[in-house]
Amino acid sequence: MTVNSPPNATRTYRPVMSPTWWWLRHPAWVQFMLRELSSVFIAAFLALYLARLGAFASGPAAYAAFQAWHRTPLSIALHVLILAFALLHSTTWFLLTPKIARVHVAGRSMSEKAVAGGALTAWAIVSALVAWWLLG
Amino acid sequence: MAHASRSEPFWWSLFAAGGVVAAFLVPIHVLLEGIVGPLGGPTPAADYDRMHAWLASPFTRVYLFVLISLPLFHWAHRFRFTLADLGLSRFGAWLAVLCYGAAIVGTALAAWLLITAP
């Protein structure tokens, strides 16, 4: 081992990449990390939903205060950010669906494009149904 | 230390189910209840009385339980491995306990709030 080492070679291992920031060095890794981090923003929305149910349980005054906070620019900006990450999760999830699930219709395997297109269409329909339910 | 264990398929199926629920339902809820509602839109969450009427249906309560619980397990599974990827892999077992534990606590809280909601 020491035969080929230069005279002053140190034997200390030095990682080439930071164990925390390695993903900043390639656009594909940044994309991967943003997709993984989308789950944090989705969890933040679910935590806010739990807080909403908690405020509702505390009565009309507490719920009104909770709604008043939702009308602040900070809350609107936070929800726009959450929406962006939620959309990133949905699109990446549905575009990856054909890679993990083979879909057969009438004995024939559907193309990846058809499966992803079907998933995205189903997403649009479900979103419209939820909107109709909530706003109707 | 984030090694595969016998419970891995169980957590992975919760991750996948939560990923599907989040992909289909979360964006429209964020848009309507977090942005459109507070800006004046007519959503059930906009005021106490509408929320009360909306939650009167058992369907709404079961729906909200699914909406909150499964994506929490999706987050737990993804975030556990994200933290390991960010240099915390030596705490793998602790990350699993913390993340899945938080999802279990959130699920229990959701069940309790939805069962006892007025």
# chains A, B, ... in the order shown; residues from 1 in each chain; ligands from 1
>>> select_by_dssp(residues="range 26-63 of chain B", states="alpha helix (DSSP H)", output="mmCIF file with C-alpha atoms, in the first residue's frame")
data_model
loop_
_atom_site.group_PDB
_atom_site.id
_atom_site.type_symbol
_atom_site.label_atom_id
_atom_site.label_comp_id
_atom_site.auth_asym_id
_atom_site.auth_seq_id
_atom_site.Cartn_x
_atom_site.Cartn_y
_atom_site.Cartn_z
ATOM 1 C CA VAL B 26 -53.631 17.937 -1.765
ATOM 2 C CA PRO B 27 -53.176 20.571 -4.547
ATOM 3 C CA ILE B 28 -56.908 21.344 -4.889
ATOM 4 C CA HIS B 29 -57.289 21.586 -1.084
ATOM 5 C CA TYR B 48 -67.410 28.208 11.593
ATOM 6 C CA ASP B 49 -71.025 27.575 10.570
ATOM 7 C CA ARG B 50 -70.146 26.268 7.085
ATOM 8 C CA MET B 51 -67.416 24.072 8.586
ATOM 9 C CA HIS B 52 -69.964 22.770 11.120
ATOM 10 C CA ALA B 53 -72.431 21.862 8.369
ATOM 11 C CA TRP B 54 -69.681 20.252 6.255
ATOM 12 C CA LEU B 55 -68.423 18.102 9.137
ATOM 13 C CA PRO B 58 -69.757 11.127 8.331
ATOM 14 C CA PHE B 59 -68.387 10.950 4.760
ATOM 15 C CA THR B 60 -66.558 14.256 5.293
ATOM 16 C CA ARG B 61 -64.963 12.958 8.509
ATOM 17 C CA VAL B 62 -63.763 9.702 6.933
ATOM 18 C CA TYR B 63 -62.526 11.629 3.873
#
>>> interface_residues(of="chain B", to="chain A", cutoff="8 Å", atoms="only C-alpha atoms", output="mmCIF file with C-alpha atoms, in the first residue's frame")
data_model
loop_
_atom_site.group_PDB
_atom_site.id
_atom_site.type_symbol
_atom_site.label_atom_id
_atom_site.label_comp_id
_atom_site.auth_asym_id
_atom_site.auth_seq_id
_atom_site.Cartn_x
_atom_site.Cartn_y
_atom_site.Cartn_z
ATOM 1 C CA GLY B 19 -48.303 9.420 -2.286
ATOM 2 C CA VAL B 20 -51.374 8.637 -4.368
ATOM 3 C CA ALA B 22 -51.435 13.470 -1.775
ATOM 4 C CA ALA B 23 -50.995 13.589 -5.561
ATOM 5 C CA PHE B 24 -54.751 13.467 -6.254
ATOM 6 C CA LEU B 25 -56.148 15.593 -3.410
ATOM 7 C CA VAL B 26 -53.631 17.937 -1.765
ATOM 8 C CA PRO B 27 -53.176 20.571 -4.547
ATOM 9 C CA ILE B 28 -56.908 21.344 -4.889
ATOM 10 C CA VAL B 30 -54.287 23.928 -0.769
ATOM 11 C CA LEU B 31 -55.616 26.073 -3.625
ATOM 12 C CA LEU B 32 -59.202 26.311 -2.340
ATOM 13 C CA GLY B 34 -55.354 28.009 1.725
ATOM 14 C CA ILE B 35 -55.603 30.622 -1.053
ATOM 15 C CA PRO B 38 -59.025 33.260 2.600
ATOM 16 C CA LEU B 39 -59.242 35.653 -0.375
ATOM 17 C CA PRO B 42 -66.971 30.224 -0.589
ATOM 18 C CA THR B 43 -65.343 27.091 0.879
ATOM 19 C CA PRO B 44 -66.693 25.116 3.881
ATOM 20 C CA ALA B 46 -64.250 29.797 5.353
ATOM 21 C CA ASP B 47 -66.327 30.173 8.524
ATOM 22 C CA TYR B 48 -67.410 28.208 11.593
ATOM 23 C CA ILE B 68 -54.518 13.713 6.626
ATOM 24 C CA PRO B 71 -49.933 11.460 3.256
ATOM 25 C CA LEU B 72 -48.362 11.820 6.731
ATOM 26 C CA HIS B 74 -45.835 9.326 2.767
ATOM 27 C CA TRP B 75 -43.927 12.269 4.322
ATOM 28 C CA ARG B 78 -39.599 10.171 2.233
ATOM 29 C CA PHE B 79 -38.242 12.497 4.931
ATOM 30 C CA THR B 82 -33.963 12.455 2.790
ATOM 31 C CA ASP B 85 -29.166 11.421 2.297
ATOM 32 C CA LEU B 86 -28.277 14.770 3.909
ATOM 33 C CA GLY B 87 -25.591 13.187 6.076
ATOM 34 C CA GLY B 106 -50.675 12.875 13.655
ATOM 35 C CA LEU B 109 -54.724 13.283 16.623
ATOM 36 C CA ALA B 110 -56.712 13.382 13.360
ATOM 37 C CA LEU B 113 -60.319 15.517 16.453
ATOM 38 C CA LEU B 114 -62.628 14.079 13.770
ATOM 39 C CA THR B 116 -64.979 14.469 18.834
ATOM 40 C CA ALA B 117 -65.608 17.432 16.474
ATOM 41 C CA PRO B 118 -68.883 19.177 17.377
#
>>> select_by_dssp(residues="range 31-136 of chain A", states="strand (DSSP E or B)", output="VMD selection string")
chain A and resid 104 to 105 108 to 109
>>> residues_around(residues="Ala103 in chain B", least_positions_apart="6", cutoff="8 Å", atoms="only C-alpha atoms", output="MDAnalysis selection string")
chainID B and resid 69 72:73 76
>>> write_last_selection(atoms="N, CA and C atoms", output="mmCIF file, in the first residue's frame")
data_model
loop_
_atom_site.group_PDB
_atom_site.id
_atom_site.type_symbol
_atom_site.label_atom_id
_atom_site.label_comp_id
_atom_site.auth_asym_id
_atom_site.auth_seq_id
_atom_site.Cartn_x
_atom_site.Cartn_y
_atom_site.Cartn_z
ATOM 1 N N SER B 69 -54.136 11.385 7.229
ATOM 2 C CA SER B 69 -53.302 10.282 7.734
ATOM 3 C C SER B 69 -52.338 9.691 6.702
ATOM 4 N N LEU B 72 -49.343 11.668 5.648
ATOM 5 C CA LEU B 72 -48.362 11.820 6.731
ATOM 6 C C LEU B 72 -47.348 10.668 6.688
ATOM 7 N N PHE B 73 -47.831 9.453 6.376
ATOM 8 C CA PHE B 73 -46.917 8.311 6.264
ATOM 9 C C PHE B 73 -46.049 8.423 5.013
ATOM 10 N N ALA B 76 -43.368 10.739 6.149
ATOM 11 C CA ALA B 76 -42.461 10.083 7.091
ATOM 12 C C ALA B 76 -41.429 9.233 6.353
#
>>> atom_distance(atom1="CA of Phe10 in chain B", atom2="CA of Phe81 in chain B")
15.7 Å
>>> decode(residues="range 74-100 of chain A", atoms="N, CA, C and O atoms", output="CSV table (one decimal), in the first residue's frame")
chain,number,residue,atom,x,y,z
A,74,LEU,N,-48.5,36.6,4.9
A,74,LEU,CA,-47.6,35.6,5.2
A,74,LEU,C,-48.2,34.2,4.9
A,74,LEU,O,-47.6,33.3,4.3
A,75,SER,N,-49.5,34.0,5.3
A,75,SER,CA,-50.2,32.7,5.1
A,75,SER,C,-50.4,32.5,3.7
A,75,SER,O,-50.2,31.4,3.2
A,76,ILE,N,-50.9,33.5,2.9
A,76,ILE,CA,-51.1,33.4,1.5
A,76,ILE,C,-49.8,33.0,0.8
A,76,ILE,O,-49.8,32.0,0.0
A,77,ALA,N,-48.7,33.7,1.1
A,77,ALA,CA,-47.4,33.3,0.5
A,77,ALA,C,-47.0,31.9,0.8
A,77,ALA,O,-46.5,31.2,0.0
A,78,LEU,N,-47.2,31.5,2.1
A,78,LEU,CA,-46.8,30.2,2.5
A,78,LEU,C,-47.7,29.1,1.7
A,78,LEU,O,-47.1,28.1,1.2
A,79,HIS,N,-48.9,29.4,1.5
A,79,HIS,CA,-49.8,28.5,0.8
A,79,HIS,C,-49.5,28.4,-0.7
A,79,HIS,O,-49.6,27.4,-1.3
A,80,VAL,N,-49.0,29.5,-1.3
A,80,VAL,CA,-48.6,29.5,-2.7
A,80,VAL,C,-47.3,28.6,-2.8
A,80,VAL,O,-47.2,27.8,-3.7
A,81,LEU,N,-46.4,28.7,-1.8
A,81,LEU,CA,-45.2,27.9,-1.8
A,81,LEU,C,-45.6,26.4,-1.6
A,81,LEU,O,-45.1,25.5,-2.4
A,82,ILE,N,-46.5,26.1,-0.7
A,82,ILE,CA,-47.0,24.8,-0.5
A,82,ILE,C,-47.6,24.2,-1.8
A,82,ILE,O,-47.4,23.1,-2.2
A,83,LEU,N,-48.4,25.1,-2.4
A,83,LEU,CA,-49.1,24.7,-3.7
A,83,LEU,C,-48.1,24.3,-4.7
A,83,LEU,O,-48.2,23.3,-5.4
A,84,ALA,N,-47.0,25.1,-4.9
A,84,ALA,CA,-46.0,24.8,-5.9
A,84,ALA,C,-45.4,23.4,-5.6
A,84,ALA,O,-45.2,22.6,-6.5
A,85,PHE,N,-45.0,23.1,-4.3
A,85,PHE,CA,-44.4,21.8,-4.0
A,85,PHE,C,-45.5,20.7,-4.2
A,85,PHE,O,-45.1,19.6,-4.6
A,86,ALA,N,-46.7,21.0,-3.9
A,86,ALA,CA,-47.8,19.9,-4.0
A,86,ALA,C,-47.9,19.6,-5.5
A,86,ALA,O,-48.1,18.4,-5.9
A,87,LEU,N,-47.9,20.6,-6.4
A,87,LEU,CA,-48.0,20.4,-7.8
A,87,LEU,C,-46.8,19.6,-8.3
A,87,LEU,O,-46.9,18.7,-9.2
A,88,LEU,N,-45.6,19.9,-7.8
A,88,LEU,CA,-44.4,19.2,-8.1
A,88,LEU,C,-44.5,17.7,-7.8
A,88,LEU,O,-44.2,16.8,-8.5
A,89,HIS,N,-45.1,17.4,-6.5
A,89,HIS,CA,-45.3,16.1,-6.1
A,89,HIS,C,-46.2,15.3,-7.1
A,89,HIS,O,-46.0,14.2,-7.5
A,90,SER,N,-47.4,16.0,-7.4
A,90,SER,CA,-48.4,15.3,-8.2
A,90,SER,C,-47.9,15.0,-9.6
A,90,SER,O,-48.0,13.9,-10.1
A,91,THR,N,-47.2,16.0,-10.3
A,91,THR,CA,-46.7,15.8,-11.6
A,91,THR,C,-45.6,14.7,-11.6
A,91,THR,O,-45.7,13.8,-12.5
A,92,THR,N,-44.7,14.8,-10.7
A,92,THR,CA,-43.6,13.8,-10.7
A,92,THR,C,-44.2,12.4,-10.4
A,92,THR,O,-43.8,11.4,-11.0
A,93,TRP,N,-45.2,12.3,-9.5
A,93,TRP,CA,-45.8,11.1,-9.1
A,93,TRP,C,-46.5,10.4,-10.3
A,93,TRP,O,-46.3,9.2,-10.5
A,94,PHE,N,-47.3,11.2,-11.0
A,94,PHE,CA,-48.1,10.6,-12.1
A,94,PHE,C,-47.2,10.3,-13.3
A,94,PHE,O,-47.5,9.4,-14.0
A,95,LEU,N,-46.1,11.1,-13.5
A,95,LEU,CA,-45.2,10.8,-14.6
A,95,LEU,C,-44.4,9.5,-14.3
A,95,LEU,O,-43.9,8.9,-15.2
A,96,LEU,N,-44.2,9.2,-13.0
A,96,LEU,CA,-43.4,8.0,-12.7
A,96,LEU,C,-44.3,6.8,-12.6
A,96,LEU,O,-43.8,5.7,-12.7
A,97,THR,N,-45.6,7.0,-12.5
A,97,THR,CA,-46.5,5.8,-12.4
A,97,THR,C,-46.3,4.8,-13.4
A,97,THR,O,-46.2,3.6,-13.1
A,98,PRO,N,-46.2,5.1,-14.7
A,98,PRO,CA,-46.0,4.0,-15.7
A,98,PRO,C,-44.7,3.3,-15.6
A,98,PRO,O,-44.6,2.1,-16.1
A,99,LYS,N,-43.7,3.8,-14.9
A,99,LYS,CA,-42.4,3.1,-14.7
A,99,LYS,C,-42.5,2.0,-13.7
A,99,LYS,O,-41.7,1.1,-13.6
A,100,ILE,N,-43.5,2.2,-12.7
A,100,ILE,CA,-43.6,1.1,-11.7
A,100,ILE,C,-44.8,0.3,-11.9
A,100,ILE,O,-45.0,-0.8,-11.2
